[in-house]
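A short worksheet on the structure shown next.
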Amino acid sequence: MTSTAFPQYPMPPLSLASTIRLSSGYLMPRIGLGVYQIPIAECPRVVWTALTAGYRHIDSATSYRNERPCSIAIAASETPRSEVFFTTKLPPKLRGYEKTKESIHGVLAENPELDGYIDLYLIHAPYGTPEDRRGQWRAMVEAQKDGKIRSLGVSNYGVHHLDELKGWIDAGDGGVISVGQWELHPWLGRKDIVGWCQREGVAVQAWSPLVRATRMEDPLLALLVKKYGKTPAQILLRWSLQMGFTPLPKSTHDERIRENADVFDFELTNEEMDTLDTEMYEPCSWDPTKERI
Ligand SMILES: NC(=O)c1ccc[n+]([C@@H]2O[C@H](COP(=O)([O-])OP(=O)(O)OC[C@H]3O[C@@H](n4cnc5c(N)ncnc54)[C@H](OP(=O)(O)O)[C@@H]3O)[C@@H](O)[C@H]2O)c1
């Protein structure tokens, strides 16, 4: 097997402060803290720990119901708002132009600590009709022009959804797809989608980069754990970074939040990257890329 998707060899030296320049012109930090299922009461401590450890990227969503504690924690931290890259997402149940406009307005109205802008706004899933999706994008493009959103993107779009959106953009609807977010790990490589993004200059974020801790004992990881003296989580995150992805590990534990950021002192070889290229399709959660409508 050869390494085909996003070859990044030799790797440029990376650190937790490393960023990717998006097609919007803005910089996106190379690792983000995922906050899905982090309870409201725990969220401030978790975000504080992450910012203190050097994270500068938080991945939330309106449907996670924790934008509020995240933005309060950012404001209460010693990190200026301008140095934090905050993502949120349009809830999957909200369809079309008006609902999207209202939702973006709601996020900013309820979270004045965000200083009037969202760094990255994603359509959480390609549900609804093509017209719904077109309206959602149109509202996002307008919000970007108004300075309410800095970079636009989609999550869980299949290649057919990406082609559909590119068609509208090419037809004059405006906007640029700067980021796409998908479940990605060695057991779910999605080479078709990743290849599309590579051709179109779309930065790829990896959700569930730790496979929700379900594969930590996998023999594929064991040899690398031993060789590098790193944990299975760190091997998975290093794989993700070397694939060119921006992983979004979630943890509620302070020591794991720090562990997940300690991945910059080793590098997997090309051969090791190839052993992790399983070509399997084993999602650990939902997969809206398969939506046909
Ligand atoms: N766009 C989408 O549709 C979508 C869908 C799902 C997720 N996401 C985003 O991606 C983020 C990450 O995905 P995820 O939360 O599903 O899963 P994940 O990050 O792959 O895994 C999280 C699980 O791994 C555990 N864990 C974290 N660090 C660990 C370590 N060093 N050692 C052992 N276990 C560790 C966590 O437990 P503890 O918390 O107990 O430490 C938790 O059970 C989400 O938080 C969210 O921001 C997006």
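Each chain in the structure tokens gets a letter, A, B and so on, in the order shown; residues start at 1 in every chain, and ligands are counted from 1 in the order they appear.
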Fill in: Selection within 6 Å of ligand 1 by only C-alpha atoms and all ligand atoms, output as a VMD selection string
chain A and resid 34 to 36 59 to 60 124 155 181 207 to 213 233 248 to 253 256 259 to 260
Restricting the output to N, CA and C atoms, write the selected residues as a PDB file, in the first residue's frame.
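Done, and the output landed in again_3.pdb:
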```pdb
ATOM      1  N   GLY A  34     -12.220  19.106  21.089  1.00  0.00           N
ATOM      2  CA  GLY A  34     -13.629  18.801  20.833  1.00  0.00           C
ATOM      3  C   GLY A  34     -14.408  18.871  22.130  1.00  0.00           C
ATOM      4  N   VAL A  35     -15.609  19.434  22.081  1.00  0.00           N
ATOM      5  CA  VAL A  35     -16.375  19.566  23.337  1.00  0.00           C
ATOM      6  C   VAL A  35     -17.738  18.861  23.279  1.00  0.00           C
ATOM      7  N   TYR A  36     -17.909  17.970  22.324  1.00  0.00           N
ATOM      8  CA  TYR A  36     -19.157  17.196  22.243  1.00  0.00           C
ATOM      9  C   TYR A  36     -19.344  16.393  23.534  1.00  0.00           C
ATOM     10  N   ASP A  59     -13.791  23.250  19.303  1.00  0.00           N
ATOM     11  CA  ASP A  59     -14.818  22.805  18.354  1.00  0.00           C
ATOM     12  C   ASP A  59     -16.119  22.526  19.092  1.00  0.00           C
ATOM     13  N   SER A  60     -17.062  23.462  18.975  1.00  0.00           N
ATOM     14  CA  SER A  60     -18.371  23.299  19.606  1.00  0.00           C
ATOM     15  C   SER A  60     -19.433  23.171  18.509  1.00  0.00           C
ATOM     16  N   HIS A 124     -23.693  21.388   9.960  1.00  0.00           N
ATOM     17  CA  HIS A 124     -23.335  20.191  10.734  1.00  0.00           C
ATOM     18  C   HIS A 124     -23.529  18.903   9.925  1.00  0.00           C
ATOM     19  N   SER A 155     -19.792  19.971   7.291  1.00  0.00           N
ATOM     20  CA  SER A 155     -19.413  18.761   8.009  1.00  0.00           C
ATOM     21  C   SER A 155     -20.270  17.618   7.515  1.00  0.00           C
ATOM     22  N   GLN A 181     -15.331  18.913   7.843  1.00  0.00           N
ATOM     23  CA  GLN A 181     -15.105  18.121   9.058  1.00  0.00           C
ATOM     24  C   GLN A 181     -15.800  16.765   8.913  1.00  0.00           C
ATOM     25  N   TRP A 207     -13.025  14.514  13.107  1.00  0.00           N
ATOM     26  CA  TRP A 207     -13.756  14.291  14.366  1.00  0.00           C
ATOM     27  C   TRP A 207     -13.658  12.823  14.762  1.00  0.00           C
ATOM     28  N   SER A 208     -13.847  12.576  16.060  1.00  0.00           N
ATOM     29  CA  SER A 208     -13.576  11.248  16.648  1.00  0.00           C
ATOM     30  C   SER A 208     -12.199  10.728  16.231  1.00  0.00           C
ATOM     31  N   PRO A 209     -11.158  11.565  16.357  1.00  0.00           N
ATOM     32  CA  PRO A 209      -9.823  11.097  15.958  1.00  0.00           C
ATOM     33  C   PRO A 209      -9.295   9.998  16.865  1.00  0.00           C
ATOM     34  N   LEU A 210      -9.919   9.860  18.065  1.00  0.00           N
ATOM     35  CA  LEU A 210      -9.503   8.802  18.997  1.00  0.00           C
ATOM     36  C   LEU A 210     -10.450   7.603  18.905  1.00  0.00           C
ATOM     37  N   VAL A 211     -11.287   7.600  17.867  1.00  0.00           N
ATOM     38  CA  VAL A 211     -12.271   6.520  17.658  1.00  0.00           C
ATOM     39  C   VAL A 211     -13.082   6.304  18.938  1.00  0.00           C
ATOM     40  N   ARG A 212     -13.328   7.396  19.637  1.00  0.00           N
ATOM     41  CA  ARG A 212     -14.070   7.367  20.910  1.00  0.00           C
ATOM     42  C   ARG A 212     -13.496   6.348  21.898  1.00  0.00           C
ATOM     43  N   ALA A 213     -12.185   6.208  21.863  1.00  0.00           N
ATOM     44  CA  ALA A 213     -11.471   5.324  22.811  1.00  0.00           C
ATOM     45  C   ALA A 213     -11.887   3.858  22.676  1.00  0.00           C
ATOM     46  N   ALA A 233      -3.567   7.016  22.164  1.00  0.00           N
ATOM     47  CA  ALA A 233      -4.208   8.284  21.762  1.00  0.00           C
ATOM     48  C   ALA A 233      -3.197   9.169  21.031  1.00  0.00           C
ATOM     49  N   LEU A 248      -9.517  16.797  16.350  1.00  0.00           N
ATOM     50  CA  LEU A 248     -10.319  17.497  17.359  1.00  0.00           C
ATOM     51  C   LEU A 248     -10.588  16.584  18.557  1.00  0.00           C
ATOM     52  N   PRO A 249      -9.530  16.136  19.272  1.00  0.00           N
ATOM     53  CA  PRO A 249      -9.754  15.196  20.377  1.00  0.00           C
ATOM     54  C   PRO A 249     -10.576  15.817  21.505  1.00  0.00           C
ATOM     55  N   LYS A 250     -11.461  15.017  22.048  1.00  0.00           N
ATOM     56  CA  LYS A 250     -12.271  15.465  23.195  1.00  0.00           C
ATOM     57  C   LYS A 250     -11.826  14.722  24.445  1.00  0.00           C
ATOM     58  N   SER A 251     -11.693  15.430  25.542  1.00  0.00           N
ATOM     59  CA  SER A 251     -11.527  14.774  26.837  1.00  0.00           C
ATOM     60  C   SER A 251     -12.022  15.692  27.935  1.00  0.00           C
ATOM     61  N   THR A 252     -12.553  15.072  28.976  1.00  0.00           N
ATOM     62  CA  THR A 252     -12.944  15.857  30.149  1.00  0.00           C
ATOM     63  C   THR A 252     -11.856  15.778  31.230  1.00  0.00           C
ATOM     64  N   HIS A 253     -10.816  14.969  30.973  1.00  0.00           N
ATOM     65  CA  HIS A 253      -9.773  14.780  31.983  1.00  0.00           C
ATOM     66  C   HIS A 253      -8.572  15.684  31.699  1.00  0.00           C
ATOM     67  N   ARG A 256      -5.467  14.022  30.315  1.00  0.00           N
ATOM     68  CA  ARG A 256      -5.592  13.569  28.925  1.00  0.00           C
ATOM     69  C   ARG A 256      -5.581  14.746  27.949  1.00  0.00           C
ATOM     70  N   GLU A 259      -2.068  15.330  27.589  1.00  0.00           N
ATOM     71  CA  GLU A 259      -1.467  14.191  26.836  1.00  0.00           C
ATOM     72  C   GLU A 259      -1.765  14.323  25.340  1.00  0.00           C
ATOM     73  N   ASN A 260      -2.978  14.696  25.016  1.00  0.00           N
ATOM     74  CA  ASN A 260      -3.380  14.766  23.609  1.00  0.00           C
ATOM     75  C   ASN A 260      -2.689  15.906  22.851  1.00  0.00           C
TER      76      ASN A 260
END
```
Worksheet entry | Spatial neighbours of A:Thr129, max dist 9 Å, only C-alpha atoms, sep filter under 3 positions, as a ChimeraX atom specification | /A:95-96,126,132-134,293
Same residues, N, CA and C atoms, output as a compact mmCIF listing (two decimals), in the first residue's frame:
```
# COMPACT_ATOMS: atom_id res chain seq x y z
N ARG A 95 -33.24 23.91 8.78
CA ARG A 95 -33.13 23.82 7.32
C ARG A 95 -33.36 25.18 6.67
N GLY A 96 -32.62 25.47 5.61
CA GLY A 96 -32.91 26.62 4.77
C GLY A 96 -32.33 27.94 5.26
N PRO A 126 -25.56 17.31 5.99
CA PRO A 126 -26.22 17.69 4.74
C PRO A 126 -27.69 17.27 4.67
N ASP A 132 -32.74 23.52 0.58
CA ASP A 132 -32.41 23.82 1.98
C ASP A 132 -30.92 24.11 2.12
N ARG A 133 -30.13 23.23 1.54
CA ARG A 133 -28.66 23.40 1.67
C ARG A 133 -28.20 24.68 0.98
N ARG A 134 -28.81 24.98 -0.16
CA ARG A 134 -28.41 26.19 -0.88
C ARG A 134 -28.73 27.43 -0.04
N ILE A 293 -30.60 12.47 -0.53
CA ILE A 293 -31.51 13.51 -1.09
C ILE A 293 -30.73 14.74 -1.54
```
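Shortest atom-to-atom contact with A:Pro288 among A:Lys166, A:His160, A:Arg45, A:Lys191: A:His160, counting only C-alpha atoms.
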Worksheet item: What is the distance between atom CA of A:Arg56 and atom CA of A:Ile177, in Å to one decimal?
Response: 21.6 Å
Fill in: Shell of 12 Å around A:Ser24, only C-alpha atoms, local chain residues under 3 positions omitted, as a PyMOL selection string
chain A and resi 20-21+27-28+119-120+141+144-145+149-153+175-179+201-203
Keeping only all heavy atoms, write the selected residues as a short mmCIF file (atom, residue, chain, number, x, y, z; two decimals), in the first residue's frame.
```cif
data_model
loop_
_atom_site.label_atom_id
_atom_site.label_comp_id
_atom_site.auth_asym_id
_atom_site.auth_seq_id
_atom_site.Cartn_x
_atom_site.Cartn_y
_atom_site.Cartn_z
N ILE A 20 -2.74 26.35 10.08
CA ILE A 20 -2.91 26.17 8.63
C ILE A 20 -3.54 27.46 8.12
O ILE A 20 -4.49 27.97 8.74
CB ILE A 20 -3.87 24.99 8.33
CG1 ILE A 20 -3.21 23.66 8.67
CG2 ILE A 20 -4.34 25.01 6.88
CD1 ILE A 20 -4.14 22.48 8.47
N ARG A 21 -3.05 27.96 7.00
CA ARG A 21 -3.67 29.15 6.37
C ARG A 21 -4.86 28.66 5.55
O ARG A 21 -4.71 27.88 4.62
CB ARG A 21 -2.65 29.87 5.49
CG ARG A 21 -3.21 31.00 4.68
CD ARG A 21 -3.35 32.32 5.41
NE ARG A 21 -2.12 32.84 5.97
CZ ARG A 21 -2.06 33.90 6.80
NH1 ARG A 21 -3.16 34.51 7.19
NH2 ARG A 21 -0.91 34.32 7.28
N LEU A 27 -6.02 31.95 9.89
CA LEU A 27 -5.18 30.83 10.35
C LEU A 27 -5.98 29.91 11.26
O LEU A 27 -6.72 30.39 12.13
CB LEU A 27 -3.97 31.37 11.12
CG LEU A 27 -2.96 32.18 10.30
CD1 LEU A 27 -1.92 32.81 11.22
CD2 LEU A 27 -2.28 31.30 9.25
N MET A 28 -5.82 28.60 11.07
CA MET A 28 -6.52 27.63 11.92
C MET A 28 -5.47 26.78 12.66
O MET A 28 -4.63 26.14 12.04
CB MET A 28 -7.40 26.72 11.06
CG MET A 28 -8.09 25.62 11.86
SD MET A 28 -9.25 24.68 10.84
CE MET A 28 -8.12 23.67 9.90
N ASP A 119 -15.30 32.14 14.41
CA ASP A 119 -14.14 31.90 13.53
C ASP A 119 -14.48 30.96 12.38
O ASP A 119 -14.08 31.19 11.24
CB ASP A 119 -12.97 31.34 14.35
CG ASP A 119 -12.45 32.39 15.32
OD1 ASP A 119 -11.62 33.20 14.91
OD2 ASP A 119 -12.94 32.44 16.47
N LEU A 120 -15.19 29.89 12.71
CA LEU A 120 -15.55 28.92 11.67
C LEU A 120 -16.98 28.45 11.91
O LEU A 120 -17.31 28.03 13.03
CB LEU A 120 -14.59 27.71 11.73
CG LEU A 120 -14.94 26.53 10.82
CD1 LEU A 120 -14.85 26.92 9.34
CD2 LEU A 120 -14.00 25.34 11.09
N VAL A 141 -22.91 32.88 3.69
CA VAL A 141 -22.12 33.82 2.87
C VAL A 141 -22.47 35.25 3.27
O VAL A 141 -21.58 36.11 3.44
CB VAL A 141 -22.36 33.56 1.36
CG1 VAL A 141 -21.74 34.67 0.52
CG2 VAL A 141 -21.81 32.21 0.95
N GLN A 144 -20.90 36.06 6.54
CA GLN A 144 -19.45 36.28 6.38
C GLN A 144 -19.20 37.71 5.87
O GLN A 144 -18.32 38.41 6.36
CB GLN A 144 -18.86 35.26 5.41
CG GLN A 144 -17.33 35.31 5.34
CD GLN A 144 -16.77 34.31 4.36
OE1 GLN A 144 -17.33 34.08 3.29
NE2 GLN A 144 -15.65 33.70 4.73
N LYS A 145 -20.03 38.12 4.90
CA LYS A 145 -19.86 39.49 4.37
C LYS A 145 -20.10 40.53 5.46
O LYS A 145 -19.49 41.60 5.46
CB LYS A 145 -20.83 39.72 3.22
CG LYS A 145 -20.36 39.04 1.93
CD LYS A 145 -21.24 39.38 0.75
CE LYS A 145 -20.75 38.63 -0.49
NZ LYS A 145 -21.82 38.15 -1.35
N ILE A 149 -19.00 35.85 10.53
CA ILE A 149 -18.30 34.56 10.40
C ILE A 149 -17.02 34.85 9.63
O ILE A 149 -17.04 35.58 8.64
CB ILE A 149 -19.13 33.55 9.60
CG1 ILE A 149 -20.46 33.25 10.29
CG2 ILE A 149 -18.34 32.26 9.39
CD1 ILE A 149 -21.37 32.34 9.45
N ARG A 150 -15.92 34.23 10.06
CA ARG A 150 -14.65 34.45 9.34
C ARG A 150 -14.42 33.41 8.25
O ARG A 150 -13.98 33.74 7.16
CB ARG A 150 -13.49 34.48 10.32
CG ARG A 150 -13.57 35.72 11.19
CD ARG A 150 -12.30 35.98 11.96
NE ARG A 150 -12.26 37.35 12.42
CZ ARG A 150 -11.35 37.85 13.21
NH1 ARG A 150 -10.38 37.07 13.66
NH2 ARG A 150 -11.39 39.11 13.57
N SER A 151 -14.68 32.13 8.57
CA SER A 151 -14.46 31.07 7.58
C SER A 151 -15.68 30.17 7.53
O SER A 151 -16.33 29.92 8.56
CB SER A 151 -13.22 30.24 7.92
OG SER A 151 -12.08 31.08 7.98
N LEU A 152 -15.97 29.67 6.33
CA LEU A 152 -17.17 28.84 6.11
C LEU A 152 -16.77 27.40 5.83
O LEU A 152 -15.72 27.14 5.24
CB LEU A 152 -17.95 29.34 4.90
CG LEU A 152 -18.33 30.81 4.83
CD1 LEU A 152 -19.06 31.10 3.52
CD2 LEU A 152 -19.21 31.18 6.01
N GLY A 153 -17.65 26.49 6.21
CA GLY A 153 -17.37 25.09 5.90
C GLY A 153 -18.58 24.20 6.08
O GLY A 153 -19.70 24.67 6.35
N GLY A 175 -18.97 32.75 -1.67
CA GLY A 175 -18.37 31.99 -0.59
C GLY A 175 -17.32 31.00 -1.08
O GLY A 175 -17.23 30.71 -2.27
N VAL A 176 -16.53 30.53 -0.13
CA VAL A 176 -15.51 29.53 -0.41
C VAL A 176 -15.61 28.49 0.71
O VAL A 176 -15.76 28.85 1.87
CB VAL A 176 -14.08 30.16 -0.37
CG1 VAL A 176 -13.02 29.11 -0.66
CG2 VAL A 176 -13.98 31.30 -1.34
N ILE A 177 -15.51 27.22 0.33
CA ILE A 177 -15.50 26.16 1.35
C ILE A 177 -14.07 26.11 1.90
O ILE A 177 -13.17 25.60 1.24
CB ILE A 177 -15.87 24.78 0.77
CG1 ILE A 177 -17.10 24.85 -0.12
CG2 ILE A 177 -16.07 23.77 1.91
CD1 ILE A 177 -17.36 23.58 -0.93
N SER A 178 -13.88 26.65 3.09
CA SER A 178 -12.52 26.68 3.64
C SER A 178 -12.19 25.42 4.41
O SER A 178 -11.03 24.99 4.43
CB SER A 178 -12.35 27.89 4.57
OG SER A 178 -12.34 29.09 3.81
N VAL A 179 -13.19 24.83 5.08
CA VAL A 179 -12.94 23.68 5.96
C VAL A 179 -14.04 22.65 5.79
O VAL A 179 -15.21 22.99 5.59
CB VAL A 179 -12.92 24.14 7.45
CG1 VAL A 179 -12.75 22.96 8.39
CG2 VAL A 179 -11.81 25.16 7.68
N GLY A 201 -8.57 22.61 -2.23
CA GLY A 201 -7.97 23.50 -1.22
C GLY A 201 -8.81 23.65 0.04
O GLY A 201 -8.80 24.71 0.68
N VAL A 202 -9.53 22.59 0.39
CA VAL A 202 -10.37 22.61 1.61
C VAL A 202 -9.59 21.93 2.74
O VAL A 202 -9.14 20.79 2.59
CB VAL A 202 -11.70 21.84 1.37
CG1 VAL A 202 -12.54 21.79 2.64
CG2 VAL A 202 -12.48 22.45 0.21
N ALA A 203 -9.40 22.62 3.85
CA ALA A 203 -8.70 22.02 5.00
C ALA A 203 -9.63 20.99 5.66
O ALA A 203 -10.83 21.22 5.81
CB ALA A 203 -8.33 23.11 6.01
#
```
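The environment of A:Leu162 within 10 Å, counting only C-alpha atoms and disregarding residues fewer than 2 places along the same chain, consists of Pro126, Val154, Asn156, Tyr157, Gly158, Val159, His160, Glu164, Leu165, Lys166, Gly167, Ile177, Gly180, Ile193, Trp196, Cys197 and Thr289 of chain A.
Atom CA of A:Arg65 sits 7.7 Å away from atom CA of A:Ile40.
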Worksheet item: A:Tyr55: which residues within 9 Å, counting only C-alpha atoms, same-chain residues fewer than 3 positions away excluded, as number ranges by chain?
Response: A: 16-17, 29, 31-33, 47, 49-52, 58, 84, 261
Item to complete: Looking only at helix (DSSP H, G or I) from DSSP on the backbone, list the matching residues of stretch 15-195 of chain A as an MDAnalysis selection string.
Response: chainID A and resid 43:53 62:64 67:76 81:83 96:110 112:114 130:145 159:173 191:195
Item to complete: Based on DSSP run over this structure's backbone, return all residues of stretch 119-235 of chain A in strand (DSSP E or B), as a ChimeraX atom specification.
Response: /A:119-123,149-155,179-183,185,188,203-207
Let's have the selection written as a PDB file, in the first residue's frame, with N, CA and C atoms.
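What follows is the written file result27.pdb:
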```pdb
ATOM      1  N   ASP A 119     -15.295  32.138  14.414  1.00  0.00           N
ATOM      2  CA  ASP A 119     -14.136  31.904  13.530  1.00  0.00           C
ATOM      3  C   ASP A 119     -14.482  30.964  12.382  1.00  0.00           C
ATOM      4  N   LEU A 120     -15.187  29.891  12.713  1.00  0.00           N
ATOM      5  CA  LEU A 120     -15.546  28.916  11.673  1.00  0.00           C
ATOM      6  C   LEU A 120     -16.977  28.446  11.913  1.00  0.00           C
ATOM      7  N   TYR A 121     -17.799  28.545  10.875  1.00  0.00           N
ATOM      8  CA  TYR A 121     -19.190  28.085  10.985  1.00  0.00           C
ATOM      9  C   TYR A 121     -19.391  26.960   9.971  1.00  0.00           C
ATOM     10  N   LEU A 122     -19.876  25.832  10.476  1.00  0.00           N
ATOM     11  CA  LEU A 122     -20.058  24.657   9.620  1.00  0.00           C
ATOM     12  C   LEU A 122     -21.532  24.265   9.548  1.00  0.00           C
ATOM     13  N   ILE A 123     -21.965  23.817   8.380  1.00  0.00           N
ATOM     14  CA  ILE A 123     -23.256  23.118   8.287  1.00  0.00           C
ATOM     15  C   ILE A 123     -22.980  21.733   8.886  1.00  0.00           C
ATOM     16  N   ILE A 149     -19.000  35.848  10.535  1.00  0.00           N
ATOM     17  CA  ILE A 149     -18.299  34.564  10.404  1.00  0.00           C
ATOM     18  C   ILE A 149     -17.017  34.850   9.628  1.00  0.00           C
ATOM     19  N   ARG A 150     -15.918  34.229  10.060  1.00  0.00           N
ATOM     20  CA  ARG A 150     -14.655  34.449   9.337  1.00  0.00           C
ATOM     21  C   ARG A 150     -14.420  33.405   8.246  1.00  0.00           C
ATOM     22  N   SER A 151     -14.680  32.128   8.571  1.00  0.00           N
ATOM     23  CA  SER A 151     -14.455  31.074   7.577  1.00  0.00           C
ATOM     24  C   SER A 151     -15.685  30.173   7.532  1.00  0.00           C
ATOM     25  N   LEU A 152     -15.974  29.669   6.328  1.00  0.00           N
ATOM     26  CA  LEU A 152     -17.169  28.841   6.112  1.00  0.00           C
ATOM     27  C   LEU A 152     -16.768  27.400   5.833  1.00  0.00           C
ATOM     28  N   GLY A 153     -17.654  26.485   6.211  1.00  0.00           N
ATOM     29  CA  GLY A 153     -17.370  25.092   5.902  1.00  0.00           C
ATOM     30  C   GLY A 153     -18.576  24.202   6.075  1.00  0.00           C
ATOM     31  N   VAL A 154     -18.324  22.924   5.863  1.00  0.00           N
ATOM     32  CA  VAL A 154     -19.388  21.924   5.964  1.00  0.00           C
ATOM     33  C   VAL A 154     -18.872  20.748   6.774  1.00  0.00           C
ATOM     34  N   SER A 155     -19.792  19.971   7.291  1.00  0.00           N
ATOM     35  CA  SER A 155     -19.413  18.761   8.009  1.00  0.00           C
ATOM     36  C   SER A 155     -20.270  17.618   7.515  1.00  0.00           C
ATOM     37  N   VAL A 179     -13.194  24.829   5.076  1.00  0.00           N
ATOM     38  CA  VAL A 179     -12.935  23.682   5.959  1.00  0.00           C
ATOM     39  C   VAL A 179     -14.044  22.645   5.791  1.00  0.00           C
ATOM     40  N   GLY A 180     -13.652  21.372   5.880  1.00  0.00           N
ATOM     41  CA  GLY A 180     -14.633  20.283   5.974  1.00  0.00           C
ATOM     42  C   GLY A 180     -14.294  19.427   7.177  1.00  0.00           C
ATOM     43  N   GLN A 181     -15.331  18.913   7.843  1.00  0.00           N
ATOM     44  CA  GLN A 181     -15.105  18.121   9.058  1.00  0.00           C
ATOM     45  C   GLN A 181     -15.800  16.765   8.913  1.00  0.00           C
ATOM     46  N   TRP A 182     -15.035  15.697   9.136  1.00  0.00           N
ATOM     47  CA  TRP A 182     -15.571  14.334   9.014  1.00  0.00           C
ATOM     48  C   TRP A 182     -14.990  13.433  10.087  1.00  0.00           C
ATOM     49  N   GLU A 183     -15.690  12.331  10.373  1.00  0.00           N
ATOM     50  CA  GLU A 183     -15.078  11.284  11.198  1.00  0.00           C
ATOM     51  C   GLU A 183     -13.935  10.685  10.374  1.00  0.00           C
ATOM     52  N   HIS A 185     -10.126   8.438  10.927  1.00  0.00           N
ATOM     53  CA  HIS A 185      -9.110   7.749  11.727  1.00  0.00           C
ATOM     54  C   HIS A 185      -8.636   6.560  10.895  1.00  0.00           C
ATOM     55  N   LEU A 188     -11.212   4.576   9.086  1.00  0.00           N
ATOM     56  CA  LEU A 188     -12.172   5.341   8.268  1.00  0.00           C
ATOM     57  C   LEU A 188     -11.387   6.459   7.573  1.00  0.00           C
ATOM     58  N   ALA A 203      -9.399  22.620   3.849  1.00  0.00           N
ATOM     59  CA  ALA A 203      -8.703  22.022   5.001  1.00  0.00           C
ATOM     60  C   ALA A 203      -9.626  20.993   5.659  1.00  0.00           C
ATOM     61  N   VAL A 204      -9.027  19.867   6.056  1.00  0.00           N
ATOM     62  CA  VAL A 204      -9.824  18.745   6.588  1.00  0.00           C
ATOM     63  C   VAL A 204      -9.630  18.616   8.093  1.00  0.00           C
ATOM     64  N   GLN A 205     -10.745  18.649   8.808  1.00  0.00           N
ATOM     65  CA  GLN A 205     -10.715  18.394  10.247  1.00  0.00           C
ATOM     66  C   GLN A 205     -11.203  16.963  10.509  1.00  0.00           C
ATOM     67  N   ALA A 206     -10.607  16.342  11.536  1.00  0.00           N
ATOM     68  CA  ALA A 206     -10.969  14.956  11.880  1.00  0.00           C
ATOM     69  C   ALA A 206     -11.734  14.914  13.188  1.00  0.00           C
ATOM     70  N   TRP A 207     -13.025  14.514  13.107  1.00  0.00           N
ATOM     71  CA  TRP A 207     -13.756  14.291  14.366  1.00  0.00           C
ATOM     72  C   TRP A 207     -13.658  12.823  14.762  1.00  0.00           C
TER      73      TRP A 207
END
```
Worksheet item: Between A:Arg258, A:Arg215, A:Lys148, A:Lys290, which one has atoms that come closest to A:Arg190, using only C-alpha atoms?
Response: A:Lys290
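Proximity to A:Gly174 was assessed for A:Trp137, A:Asp277, A:Asp192, A:Glu200 counting only C-alpha atoms; the smallest distance is recorded for A:Trp137.
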